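Structure file target-v5.txt; described as compact mmCIF, C-alpha atoms.
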```
# COMPACT_ATOMS: atom_id res chain seq x y z
CA MET Z 62 0.00 0.00 0.00
CA PRO Z 63 1.39 3.43 -0.94
CA SER Z 64 2.25 5.71 1.92
CA LEU Z 65 0.21 8.75 2.88
CA ILE Z 66 2.86 11.12 1.57
CA ASP Z 67 2.95 9.41 -1.83
CA ILE Z 68 -0.80 9.75 -2.24
CA ARG Z 69 -0.73 13.39 -1.19
CA ARG Z 70 1.93 14.02 -3.79
CA ARG Z 71 -0.14 12.34 -6.51
CA ILE Z 72 -3.17 14.43 -5.62
CA ARG Z 73 -1.16 17.60 -5.85
CA SER Z 74 0.22 16.65 -9.25
CA VAL Z 75 -3.21 15.78 -10.63
CA LYS Z 76 -4.54 19.09 -9.31
CA ASN Z 77 -1.83 20.93 -11.18
CA THR Z 78 -2.71 19.13 -14.36
CA GLN Z 79 -6.35 19.97 -13.85
CA GLN Z 80 -5.50 23.62 -13.48
CA ILE Z 81 -3.70 23.56 -16.80
CA THR Z 82 -6.54 21.82 -18.62
CA LYS Z 83 -9.03 24.24 -17.12
CA ALA Z 84 -6.97 27.22 -18.28
CA MET Z 85 -6.60 25.74 -21.75
CA LYS Z 86 -10.33 25.23 -21.93
CA MET Z 87 -10.94 28.86 -21.11
CA VAL Z 88 -8.41 30.06 -23.67
CA ALA Z 89 -9.98 27.81 -26.30
CA ALA Z 90 -13.41 29.19 -25.46
CA ALA Z 91 -12.25 32.76 -25.91
CA LYS Z 92 -10.51 31.95 -29.19
CA LEU Z 93 -13.52 30.01 -30.35
CA ARG Z 94 -15.78 33.01 -29.95
CA ARG Z 95 -13.50 35.12 -32.13
CA ALA Z 96 -13.08 32.38 -34.73
CA GLN Z 97 -16.83 31.89 -34.82
CA ASP Z 98 -17.40 35.58 -35.50
CA ARG Z 99 -14.96 35.44 -38.37
CA VAL Z 100 -16.70 32.44 -39.92
CA ILE Z 101 -20.08 34.14 -39.68
CA ASN Z 102 -18.76 37.45 -41.02
CA ALA Z 103 -17.18 35.77 -44.01
CA ARG Z 104 -20.36 33.96 -45.03
CA PRO Z 105 -22.28 36.83 -46.75
CA TYR Z 106 -19.40 37.49 -49.14
CA SER Z 107 -19.10 33.82 -50.10
CA LYS Z 108 -22.82 33.52 -50.57
CA MET Z 109 -23.02 36.60 -52.77
CA LEU Z 110 -20.00 35.53 -54.78
CA PHE Z 111 -21.44 32.06 -55.41
CA ALA Z 112 -24.74 33.54 -56.53
CA THR Z 113 -22.99 35.92 -58.94
CA LEU Z 114 -20.79 33.14 -60.25
CA ALA Z 115 -23.80 30.89 -60.80
CA GLU Z 116 -25.45 33.59 -62.86
CA VAL Z 117 -22.37 34.29 -64.93
CA VAL Z 118 -21.72 30.60 -65.55
CA SER Z 119 -25.31 29.89 -66.57
CA ALA Z 120 -25.12 32.81 -68.98
CA ALA Z 121 -21.77 31.55 -70.24
CA LYS Z 122 -23.21 28.14 -71.11
CA SER Z 123 -24.73 29.59 -74.25
CA HIS Z 124 -21.43 31.21 -75.18
CA GLU Z 125 -18.95 28.74 -76.64
CA GLU Z 126 -15.77 30.67 -76.06
CA ALA Z 127 -16.70 31.86 -72.59
CA ALA Z 128 -17.19 28.29 -71.39
CA GLN Z 129 -13.60 27.50 -72.42
CA ASN Z 130 -12.12 28.63 -69.12
CA PRO Z 131 -9.47 26.11 -67.99
CA LEU Z 132 -10.87 26.03 -64.46
CA LEU Z 133 -14.16 24.59 -65.70
CA GLU Z 134 -12.52 21.86 -67.73
CA VAL Z 135 -13.20 18.37 -66.36
CA ARG Z 136 -10.46 15.78 -66.85
CA GLU Z 137 -10.08 12.19 -65.78
CA GLU Z 138 -8.68 12.25 -62.26
CA LYS Z 139 -5.20 10.81 -62.37
CA ARG Z 140 -3.12 13.35 -60.50
CA ILE Z 141 -4.89 14.84 -57.54
CA ALA Z 142 -3.87 17.71 -55.32
CA LEU Z 143 -5.10 17.46 -51.74
CA ILE Z 144 -5.30 20.46 -49.46
CA VAL Z 145 -5.28 19.11 -45.94
CA LEU Z 146 -6.35 21.50 -43.17
CA THR Z 147 -5.18 20.75 -39.65
CA SER Z 148 -4.15 22.84 -36.69
CA ASP Z 149 -0.69 23.96 -35.65
CA ARG Z 150 -1.07 22.73 -32.10
CA GLY Z 151 -2.15 19.47 -30.56
CA LEU Z 152 -4.21 18.70 -27.47
CA ALA Z 153 -7.45 19.04 -29.38
CA GLY Z 154 -8.75 15.52 -28.95
CA ALA Z 155 -9.06 13.57 -32.16
CA PHE Z 156 -9.31 16.72 -34.28
CA ASN Z 157 -6.10 16.32 -36.25
CA SER Z 158 -5.93 12.55 -36.36
CA ASN Z 159 -9.45 12.44 -37.81
CA VAL Z 160 -8.48 14.78 -40.61
CA LEU Z 161 -5.31 12.86 -41.37
CA LYS Z 162 -7.10 9.53 -41.22
CA THR Z 163 -9.68 10.81 -43.69
CA ALA Z 164 -6.92 12.03 -45.99
CA MET Z 165 -5.18 8.63 -45.90
CA GLN Z 166 -8.46 6.83 -46.54
CA PHE Z 167 -9.18 9.19 -49.43
CA MET Z 168 -5.91 8.18 -51.04
CA LEU Z 169 -6.42 4.47 -50.38
CA ASP Z 170 -9.82 4.68 -52.06
CA ARG Z 171 -8.22 5.89 -55.27
CA PRO Z 172 -5.56 3.38 -56.24
CA GLY Z 173 -3.58 4.27 -59.32
CA CYS Z 174 -3.81 7.98 -58.70
CA GLU Z 175 -0.90 10.23 -57.95
CA PHE Z 176 -1.22 12.63 -55.06
CA VAL Z 177 0.43 15.87 -54.15
CA ILE Z 178 -0.33 17.33 -50.79
CA GLU Z 179 -0.64 20.93 -49.77
CA ALA Z 180 -0.30 20.91 -46.00
CA VAL Z 181 -1.95 23.67 -44.03
CA GLY Z 182 -1.09 23.48 -40.35
CA ARG Z 183 1.93 22.02 -38.59
CA LYS Z 184 0.26 18.70 -37.82
CA ALA Z 185 -0.45 17.95 -41.47
CA ARG Z 186 3.05 18.92 -42.50
CA ASP Z 187 4.71 16.74 -39.85
CA PHE Z 188 2.44 13.80 -40.61
CA PHE Z 189 3.04 13.78 -44.35
CA THR Z 190 6.73 14.59 -44.09
CA ARG Z 191 7.20 11.63 -41.77
CA ARG Z 192 5.53 9.42 -44.35
CA GLU Z 193 7.73 10.89 -47.04
CA MET Z 194 4.86 11.95 -49.25
CA ARG Z 195 5.07 14.63 -51.88
CA LEU Z 196 4.29 18.03 -50.48
CA SER Z 197 3.72 20.85 -52.92
CA GLY Z 198 3.56 23.40 -50.18
CA GLU Z 199 3.38 23.79 -46.44
CA HIS Z 200 1.74 26.58 -44.54
CA VAL Z 201 2.49 26.67 -40.86
CA GLY Z 202 1.43 29.36 -38.46
CA ILE Z 203 -1.21 31.03 -40.59
CA ILE Z 204 -4.42 29.19 -39.75
CA GLU Z 205 -4.87 31.04 -36.47
CA LYS Z 206 -5.08 34.46 -38.07
CA ALA Z 207 -5.93 33.45 -41.61
CA ARG Z 208 -7.12 36.27 -43.81
CA TYR Z 209 -8.44 36.21 -47.31
CA ALA Z 210 -5.02 37.26 -48.63
CA ASP Z 211 -3.46 34.13 -47.09
CA ALA Z 212 -6.00 31.88 -48.73
CA ALA Z 213 -5.46 33.62 -52.05
CA ARG Z 214 -1.71 33.13 -51.75
CA ILE Z 215 -2.13 29.41 -51.15
CA ALA Z 216 -4.72 29.07 -53.89
CA ALA Z 217 -2.85 30.93 -56.63
CA PRO Z 218 -0.16 28.31 -57.40
CA ILE Z 219 -2.72 25.52 -57.18
CA VAL Z 220 -5.00 27.25 -59.66
CA GLU Z 221 -1.99 27.77 -61.90
CA ARG Z 222 -1.05 24.08 -61.76
CA TYR Z 223 -4.60 23.08 -62.53
CA ALA Z 224 -4.77 25.43 -65.50
CA GLN Z 225 -1.48 24.01 -66.79
CA GLY Z 226 -2.84 20.48 -66.52
CA GLU Z 227 -0.30 19.38 -63.91
CA VAL Z 228 -3.12 18.17 -61.69
CA ASP Z 229 -6.56 16.94 -62.75
CA ALA Z 230 -8.50 17.69 -59.59
CA VAL Z 231 -8.09 19.52 -56.31
CA TYR Z 232 -9.80 18.54 -53.07
CA ILE Z 233 -9.92 20.14 -49.65
CA ILE Z 234 -10.10 17.93 -46.57
CA GLY Z 235 -10.96 19.72 -43.38
CA ASN Z 236 -13.49 20.31 -40.66
CA GLU Z 237 -16.71 22.18 -41.08
CA PHE Z 238 -17.86 24.09 -38.05
CA LYS Z 239 -21.42 23.05 -37.19
CA SER Z 240 -21.60 24.02 -33.55
CA VAL Z 241 -19.45 23.98 -30.45
CA ILE Z 242 -20.11 20.30 -29.85
CA SER Z 243 -20.19 19.14 -33.44
CA GLN Z 244 -17.66 19.47 -36.21
CA LYS Z 245 -18.08 17.65 -39.45
CA LEU Z 246 -15.26 16.29 -41.55
CA THR Z 247 -15.74 17.32 -45.13
CA THR Z 248 -14.08 16.56 -48.41
CA VAL Z 249 -14.79 19.31 -50.91
CA LYS Z 250 -13.93 19.28 -54.56
CA LEU Z 251 -12.29 22.60 -55.28
CA LEU Z 252 -11.33 22.17 -58.90
CA PRO Z 253 -12.72 21.71 -61.48
CA VAL Z 254 -15.13 24.39 -60.31
CA GLN Z 255 -18.41 22.91 -59.16
CA VAL Z 256 -20.95 25.25 -60.60
CA PRO Z 257 -23.70 26.15 -58.15
CA GLU Z 258 -27.01 25.00 -59.60
CA GLU Z 259 -29.76 27.30 -58.43
CA ALA Z 260 -29.10 30.32 -60.60
CA GLU Z 261 -31.70 33.01 -61.02
CA THR Z 262 -31.87 33.45 -64.71
CA ALA Z 263 -32.14 36.93 -66.08
CA SER Z 264 -30.82 38.50 -69.22
CA PHE Z 265 -27.89 40.34 -67.74
CA ILE Z 266 -26.04 43.18 -69.27
CA PHE Z 267 -22.37 42.27 -69.02
CA GLU Z 268 -20.13 45.28 -68.81
CA GLN Z 269 -17.12 43.20 -69.72
CA PRO Z 270 -16.85 40.27 -72.11
CA LEU Z 271 -18.12 37.11 -70.39
CA ALA Z 272 -14.82 35.28 -70.75
CA GLU Z 273 -13.05 38.12 -68.98
CA LEU Z 274 -15.55 38.21 -66.14
CA LEU Z 275 -15.24 34.46 -65.67
CA ALA Z 276 -11.46 34.62 -65.73
CA GLY Z 277 -11.63 37.04 -62.82
CA LEU Z 278 -14.41 35.34 -60.89
CA LEU Z 279 -13.21 31.74 -60.97
CA PRO Z 280 -9.87 32.16 -59.17
CA ARG Z 281 -11.68 34.38 -56.72
CA TYR Z 282 -14.20 31.63 -56.12
CA VAL Z 283 -11.41 29.15 -55.40
CA GLY Z 284 -9.77 31.55 -52.95
CA THR Z 285 -13.07 32.23 -51.23
CA ILE Z 286 -13.85 28.55 -50.75
CA LEU Z 287 -10.40 27.94 -49.34
CA ASN Z 288 -10.70 30.98 -47.08
CA GLN Z 289 -14.03 29.75 -45.79
CA ALA Z 290 -12.62 26.26 -45.23
CA MET Z 291 -9.68 27.67 -43.28
CA LEU Z 292 -11.91 29.77 -41.07
CA GLU Z 293 -14.20 26.80 -40.44
CA SER Z 294 -11.21 24.63 -39.60
CA ALA Z 295 -9.87 27.20 -37.13
CA ALA Z 296 -13.22 27.46 -35.38
CA SER Z 297 -13.56 23.67 -35.29
CA GLU Z 298 -10.10 23.34 -33.80
CA HIS Z 299 -10.93 25.58 -30.88
CA ALA Z 300 -14.25 23.85 -30.36
CA ALA Z 301 -12.54 20.45 -30.39
CA ARG Z 302 -9.89 21.63 -27.95
CA MET Z 303 -12.51 23.06 -25.66
CA THR Z 304 -14.39 19.77 -25.56
CA ALA Z 305 -11.19 17.78 -25.05
CA MET Z 306 -10.02 20.00 -22.20
CA GLU Z 307 -13.42 19.91 -20.59
CA ALA Z 308 -13.25 16.11 -20.61
CA ALA Z 309 -9.71 16.17 -19.24
CA SER Z 310 -10.73 18.44 -16.36
CA THR Z 311 -13.62 16.14 -15.49
CA ASN Z 312 -11.33 13.12 -15.58
CA ALA Z 313 -8.84 14.86 -13.33
CA LEU Z 314 -11.60 15.56 -10.83
CA GLU Z 315 -12.54 11.89 -10.83
CA VAL Z 316 -8.96 10.84 -10.24
CA ILE Z 317 -8.66 13.32 -7.40
CA GLU Z 318 -11.81 11.99 -5.76
CA LYS Z 319 -10.57 8.42 -5.99
CA LEU Z 320 -7.17 9.35 -4.59
CA THR Z 321 -8.71 11.33 -1.74
CA LEU Z 322 -10.84 8.35 -0.79
CA ASN Z 323 -7.78 6.16 -0.90
CA MET Z 324 -5.82 8.61 1.18
CA ASN Z 325 -8.49 8.75 3.89
CA ARG Z 326 -8.63 4.99 4.00
CA VAL Z 327 -4.88 4.73 4.48
CA ARG Z 328 -4.96 7.40 7.17
CA GLN Z 329 -7.82 5.69 8.97
CA ALA Z 330 -5.99 2.37 8.79
CA SER Z 331 -2.90 3.83 10.39
CA ILE Z 332 -4.94 5.50 13.16
CA THR Z 333 -6.72 2.23 13.87
CA ARG Z 334 -3.42 0.40 14.01
CA GLU Z 335 -2.00 2.90 16.45
CA ILE Z 336 -5.06 2.65 18.71
CA ILE Z 337 -4.77 -1.15 18.70
CA GLU Z 338 -1.14 -0.83 19.63
CA VAL Z 339 -1.92 1.52 22.49
CA VAL Z 340 -4.78 -0.64 23.72
CA SER Z 341 -2.86 -3.91 23.53
CA GLY Z 342 0.09 -2.20 25.20
CA ALA Z 343 -2.18 -1.10 28.08
CA GLU Z 344 -3.72 -4.56 28.40
CA ALA Z 345 -0.31 -6.22 28.59
CA GLN Z 346 0.60 -4.23 31.69
CA MET C 224 -39.26 57.81 -53.01
CA ALA C 225 -38.26 54.67 -54.78
CA THR C 226 -35.30 52.86 -53.30
CA PHE C 227 -33.28 49.74 -53.92
CA ARG C 228 -31.20 47.50 -51.74
CA LEU C 229 -27.45 48.02 -51.68
CA GLU C 230 -25.34 45.25 -50.17
CA ILE C 231 -21.60 45.57 -49.78
CA ALA C 232 -19.35 42.82 -48.48
CA THR C 233 -15.63 42.02 -48.27
CA PRO C 234 -14.15 38.57 -47.65
CA GLU C 235 -13.70 39.57 -44.00
CA ARG C 236 -17.11 40.94 -43.16
CA PRO C 237 -20.36 42.39 -44.48
CA ILE C 238 -20.10 46.19 -44.70
CA LEU C 239 -23.48 47.54 -45.62
CA ASP C 240 -27.03 46.43 -46.29
CA GLU C 241 -29.31 49.40 -46.79
CA GLN C 242 -32.11 50.84 -48.86
CA VAL C 243 -30.68 53.59 -51.02
CA SER C 244 -32.18 55.85 -53.65
CA ASP C 245 -29.16 56.04 -55.92
CA ALA C 246 -25.58 54.84 -56.15
CA GLN C 247 -22.45 55.59 -58.15
CA ILE C 248 -20.15 52.64 -58.51
CA PRO C 249 -16.61 52.61 -59.94
CA ALA C 250 -16.71 49.89 -62.60
CA SER C 251 -13.53 49.01 -64.45
CA ASN C 252 -14.63 50.89 -67.56
CA GLY C 253 -16.06 53.98 -65.93
CA TYR C 254 -18.51 54.94 -63.23
CA LEU C 255 -21.94 53.31 -63.16
CA GLY C 256 -24.83 55.45 -62.02
CA LEU C 257 -27.55 53.24 -60.56
CA LEU C 258 -31.16 54.15 -59.90
CA PRO C 259 -34.11 51.96 -58.86
CA GLN C 260 -35.44 49.62 -61.56
CA HIS C 261 -32.06 49.23 -63.16
CA ALA C 262 -31.72 46.39 -65.67
CA PRO C 263 -29.84 43.24 -64.54
CA LEU C 264 -26.12 43.84 -64.87
CA ILE C 265 -22.79 42.36 -63.87
CA ALA C 266 -19.58 44.33 -64.00
CA ASP C 267 -16.00 44.35 -62.83
CA LEU C 268 -15.06 46.97 -60.26
CA SER C 269 -11.95 49.04 -60.07
CA ALA C 270 -10.61 50.99 -57.14
CA GLY C 271 -12.50 54.21 -56.51
CA LEU C 272 -15.09 56.05 -54.55
CA LEU C 273 -18.52 54.46 -54.26
CA SER C 274 -21.21 56.90 -53.26
CA TYR C 275 -24.87 56.42 -52.48
CA THR C 276 -27.81 58.37 -51.13
CA THR C 277 -29.84 57.07 -48.25
CA GLY C 278 -32.57 59.06 -46.55
CA GLY C 279 -31.57 62.18 -48.47
CA LYS C 280 -28.00 61.97 -47.17
CA SER C 281 -25.07 61.25 -49.39
CA GLU C 282 -22.42 58.82 -48.20
CA SER C 283 -19.25 57.57 -49.79
CA LEU C 284 -16.88 54.68 -49.32
CA PHE C 285 -13.58 53.85 -50.90
CA ILE C 286 -13.59 50.38 -52.45
CA THR C 287 -11.05 48.29 -54.32
CA ASP C 288 -11.41 45.61 -56.97
CA GLY C 289 -14.27 43.16 -57.13
CA TRP C 290 -17.65 42.75 -58.78
CA VAL C 291 -21.03 44.35 -58.80
CA GLU C 292 -24.25 42.59 -59.63
CA VAL C 293 -27.60 44.28 -60.18
CA LEU C 294 -30.72 42.13 -60.13
CA ASN C 295 -34.34 42.89 -59.20
CA ASP C 296 -33.62 46.14 -57.38
CA ARG C 297 -30.84 44.58 -55.37
CA VAL C 298 -27.26 45.65 -55.89
CA ARG C 299 -24.50 43.45 -54.55
CA VAL C 300 -21.01 44.85 -54.34
CA LEU C 301 -18.21 42.37 -53.68
CA ALA C 302 -15.03 44.28 -52.97
CA ASP C 303 -11.58 43.25 -51.79
CA ALA C 304 -11.45 46.07 -49.32
CA VAL C 305 -13.70 48.90 -48.19
CA GLU C 306 -12.50 51.96 -46.34
CA ASN C 307 -14.07 55.07 -45.07
CA PRO C 308 -12.48 57.97 -47.02
CA THR C 309 -11.52 59.60 -43.74
CA GLU C 310 -9.55 56.50 -42.74
CA ILE C 311 -7.33 56.33 -45.78
CA ASP C 312 -3.67 56.14 -44.90
CA VAL C 313 -2.19 58.69 -47.31
CA ILE C 314 1.42 57.89 -46.48
CA ARG C 315 0.90 54.20 -47.06
CA ALA C 316 -0.92 54.84 -50.33
CA GLN C 317 1.87 57.13 -51.49
CA LYS C 318 4.44 54.49 -50.63
CA ALA C 319 2.44 51.84 -52.50
CA LEU C 320 2.29 54.15 -55.51
CA ASP C 321 6.04 54.72 -55.46
CA ARG C 322 6.65 51.01 -55.17
CA ALA C 323 4.35 50.23 -58.09
CA LEU C 324 5.94 52.88 -60.29
CA GLU C 325 9.39 51.61 -59.38
CA ARG C 326 8.38 48.09 -60.35
CA LEU C 327 6.99 49.29 -63.65
CA ARG C 328 10.21 51.15 -64.41
CA ILE C 329 12.44 48.08 -64.03
CA ASP C 330 10.88 46.00 -66.78
CA VAL C 331 9.43 42.73 -65.47
CA SER C 332 7.30 39.82 -66.67
CA ASP C 333 3.71 40.31 -67.86
CA ILE C 334 2.06 38.93 -64.73
CA ASP C 335 4.07 41.16 -62.44
CA LYS C 336 3.41 44.08 -64.72
CA ALA C 337 -0.34 43.56 -64.61
CA ARG C 338 -0.16 43.38 -60.85
CA ALA C 339 1.93 46.52 -60.63
CA VAL C 340 -0.47 48.41 -62.88
CA LYS C 341 -3.34 47.37 -60.64
CA ALA C 342 -1.43 48.42 -57.55
CA GLN C 343 -0.66 51.75 -59.16
CA LYS C 344 -4.34 52.33 -59.99
CA ARG C 345 -5.36 51.38 -56.48
CA ALA C 346 -2.88 53.75 -54.91
CA GLU C 347 -3.85 56.61 -57.22
CA ALA C 348 -7.54 56.09 -56.50
CA ARG C 349 -6.83 56.06 -52.76
CA LEU C 350 -4.89 59.29 -52.97
CA ALA C 351 -7.59 60.94 -55.08
CA ALA C 352 -10.26 59.84 -52.61
CA ALA C 353 -8.21 61.13 -49.71
CA LYS C 354 -7.70 64.47 -51.41
CA ASN C 355 -11.41 65.00 -52.00
CA ARG C 356 -12.48 64.43 -48.44
CA THR C 357 -13.64 67.45 -46.55
```

Mind converting the file's structure to structure tokens?
Amino acid sequence: MPSLIDIRRRIRSVKNTQQITKAMKMVAAAKLRRAQDRVINARPYSKMLFATLAEVVSAAKSHEEAAQNPLLEVREEKRIALIVLTSDRGLAGAFNSNVLKTAMQFMLDRPGCEFVIEAVGRKARDFFTRREMRLSGEHVGIIEKARYADAARIAAPIVERYAQGEVDAVYIIGNEFKSVISQKLTTVKLLPVQVPEEAETASFIFEQPLAELLAGLLPRYVGTILNQAMLESAASEHAARMTAMEAASTNALEVIEKLTLNMNRVRQASITREIIEVVSGAEAQ
Amino acid sequence: MATFRLEIATPERPILDEQVSDAQIPASNGYLGLLPQHAPLIADLSAGLLSYTTGGKSESLFITDGWVEVLNDRVRVLADAVENPTEIDVIRAQKALDRALERLRIDVSDIDKARAVKAQKRAEARLAAAKNRT
């Protein structure tokens, strides 16, 4: 049986751990609120852009040359670029491992395809570097404060490679922020551009030639989707960390309760033993 | 008085959603004057001053590149950045202009050139907007 001092020491150490997990939970909660605001604020722009794009594309369908944009071209998927969104830090429960598992499964499901990976977040970079996979780019330390300009910078070379025919499709794997307790893993096809269906049809006046408008809108669309995905991933990360730290704090409390019970039992046992000693000593006289 | 809905958003946040009675929008090939009942239209934006009238008061905002879409008395402006003319950083704009001109002077590739020309236009529009503020 461990001595009283040992148990006391364990309790103290668990309490320290609990304090850390509690603090981390609070930090995650504060960051989550900010990340959530950013996701919500970015939504109107995306929505409006998609609606405009849908209208331009549906108008372009009747124009041969306008529909020739390389970003709309569908090819057989042989070489695929994967943008994997993880966090820079750990201690967020299964957040990162779920993303990475999904990415691996995605690749296993497509035998015979070549993959290039664009790693966003330290965890993705480390994971794929360790497995010696081909990385076309790594972006560490940006997800926390990601702005549209960051997303555009990541998207630009990918768009270029797609237009050149170096890759046949581009997917994003990341988390979608549903609510604080639920994040959904999503795999989104980024390129070729998935044209939104529900377009309001009207005979628009186009100030610029359609092809020109499309050439400006499509890369913008790609950047916007990536931006949205990055914001969602950041919010999901904080939500996941909050949940994980909450669970850790609860577990620590349980351990402390168990240890305290144990400690009292040991103390009681030693008191009882001492009393018996005193009593039997008195009787012997 | 007839009005229409003017929505402005940037990738970071929505800026404006109001009923206005008219609007002037800097499209890439000249200013667009919009009134209620305008025909459906889609145009490229360039950097410049966007002004509109709401409740008899005239307001203006500095916007940079993006798109404008007019449909059913609803105008959507998607801009890269929106600034209040009083918030324009003149020094920064001047520096950006110098940088762009410098880049144009030392001959570079077409892509960089196009970017530099855009940057130059943006900076000039910013400076012009800043000059006109009262």

Test item: chain C residues at most 12 Å from chain Z, counting all atoms listed in the file, as a VMD selection string: chain C and resid 230 to 240 250 to 255 261 to 268 288 to 295 297 to 304

Close residues, Ala224 (chain Z) itself excluded, 9 Å, all atoms listed in the file, min 5 positions apart in chain, as a PyMOL selection string: chain Z and resi 130-132+134+219

Nearby residues, (-13.9, 16.9, -43.9) file frame, 9 Å, all atoms listed in the file, as JSON, numbers by chain: {"Z": [146, 159, 160, 163, 164, 233, 234, 235, 236, 237, 244, 245, 246, 247, 248, 249]}

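Across the structure, CA of Tyr282 (chain Z) and CA of Cys174 (chain Z) are spaced 26.0 Å apart.
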
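Minimum distance to Gln255 (chain Z) across Z:Ala84, Z:Ala313, Z:Ala308, Z:Ile286 (counting only C-alpha atoms) occurs at Z:Ile286.
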
CA of Ser244 (chain C) to CA of Met224 (chain C), straight-line distance in Å: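 Result for CA of Met224 (chain C) versus CA of Ser244 (chain C): 7.4 Å, one decimal.
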
Residues within 10 Å of Arg315 (chain C), please, as an mmCIF file with C-alpha atoms, keeping the file's coordinate frame. Count all atoms listed in the file; anything in the same chain fewer than 4 positions from it doesn't count.
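In the end it all went to selection-v3.cif:
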```cif
data_model
loop_
_atom_site.group_PDB
_atom_site.id
_atom_site.type_symbol
_atom_site.label_atom_id
_atom_site.label_comp_id
_atom_site.auth_asym_id
_atom_site.auth_seq_id
_atom_site.Cartn_x
_atom_site.Cartn_y
_atom_site.Cartn_z
ATOM 1 C CA ILE C 311 -7.330 56.330 -45.780
ATOM 2 C CA ALA C 319 2.440 51.840 -52.500
ATOM 3 C CA LEU C 320 2.290 54.150 -55.510
ATOM 4 C CA ASP C 321 6.040 54.720 -55.460
ATOM 5 C CA ALA C 346 -2.880 53.750 -54.910
ATOM 6 C CA ARG C 349 -6.830 56.060 -52.760
ATOM 7 C CA LEU C 350 -4.890 59.290 -52.970
#
```

Separation of CA of Leu152 (chain Z) from CA of Tyr232 (chain Z) in Å: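 Distance between the two atoms: 26.2 Å.
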
Leaving out region 64-70 of chain Z and any residue of its chain fewer than 4 positions from it, which residues lie within 10 Å of it when counting all atoms listed in the file, given as a short mmCIF file (atom, residue, chain, number, x, y, z; two decimals) with C-alpha atoms, in the coordinates of the input?
```
data_model
loop_
_atom_site.label_atom_id
_atom_site.label_comp_id
_atom_site.auth_asym_id
_atom_site.auth_seq_id
_atom_site.Cartn_x
_atom_site.Cartn_y
_atom_site.Cartn_z
CA SER Z 74 0.22 16.65 -9.25
CA VAL Z 75 -3.21 15.78 -10.63
CA LYS Z 76 -4.54 19.09 -9.31
CA LEU Z 320 -7.17 9.35 -4.59
CA THR Z 321 -8.71 11.33 -1.74
CA ASN Z 323 -7.78 6.16 -0.90
CA MET Z 324 -5.82 8.61 1.18
CA ASN Z 325 -8.49 8.75 3.89
CA ARG Z 326 -8.63 4.99 4.00
CA VAL Z 327 -4.88 4.73 4.48
CA ARG Z 328 -4.96 7.40 7.17
CA SER Z 331 -2.90 3.83 10.39
#
```

Which residue of Z:His200, Z:His299, Z:Lys239, Z:Lys108 approaches Ala212 (chain Z) most closely, using only C-alpha atoms: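 Of Z:His200, Z:His299, Z:Lys239, Z:Lys108, the one nearest Ala212 (chain Z) is Z:His200, counting only C-alpha atoms.
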
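Residues in contact range of Ala155 (chain Z), defined as at most 10 Å between all atoms listed in the file, with sequence neighbours fewer than 3 positions away removed, read Gly151, Leu152, Ser158, Asn159, Val160, Leu161, Glu298, Ala301, Arg302 and Ala305 of chain Z.
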
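With distances restricted to all atoms listed in the file, Z:Ser240 is the closest residue to Ser297 (chain Z) from Z:Gln166, Z:Ser240, Z:Asn312, Z:Thr190.
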
For Ile215 (chain Z), the nearest of the candidates Z:Val254, Z:Val241, Z:Leu169, Z:Val145, counting all atoms listed in the file: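 Looking at the shortest contact to Ile215 (chain Z), the residue is Z:Val145.
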
Contacts of Leu273 (chain C) within 7 Å, all atoms listed in the file, excl. fewer than 4 positions in-chain, as a PyMOL selection string: chain C and resi 247-249+283-286
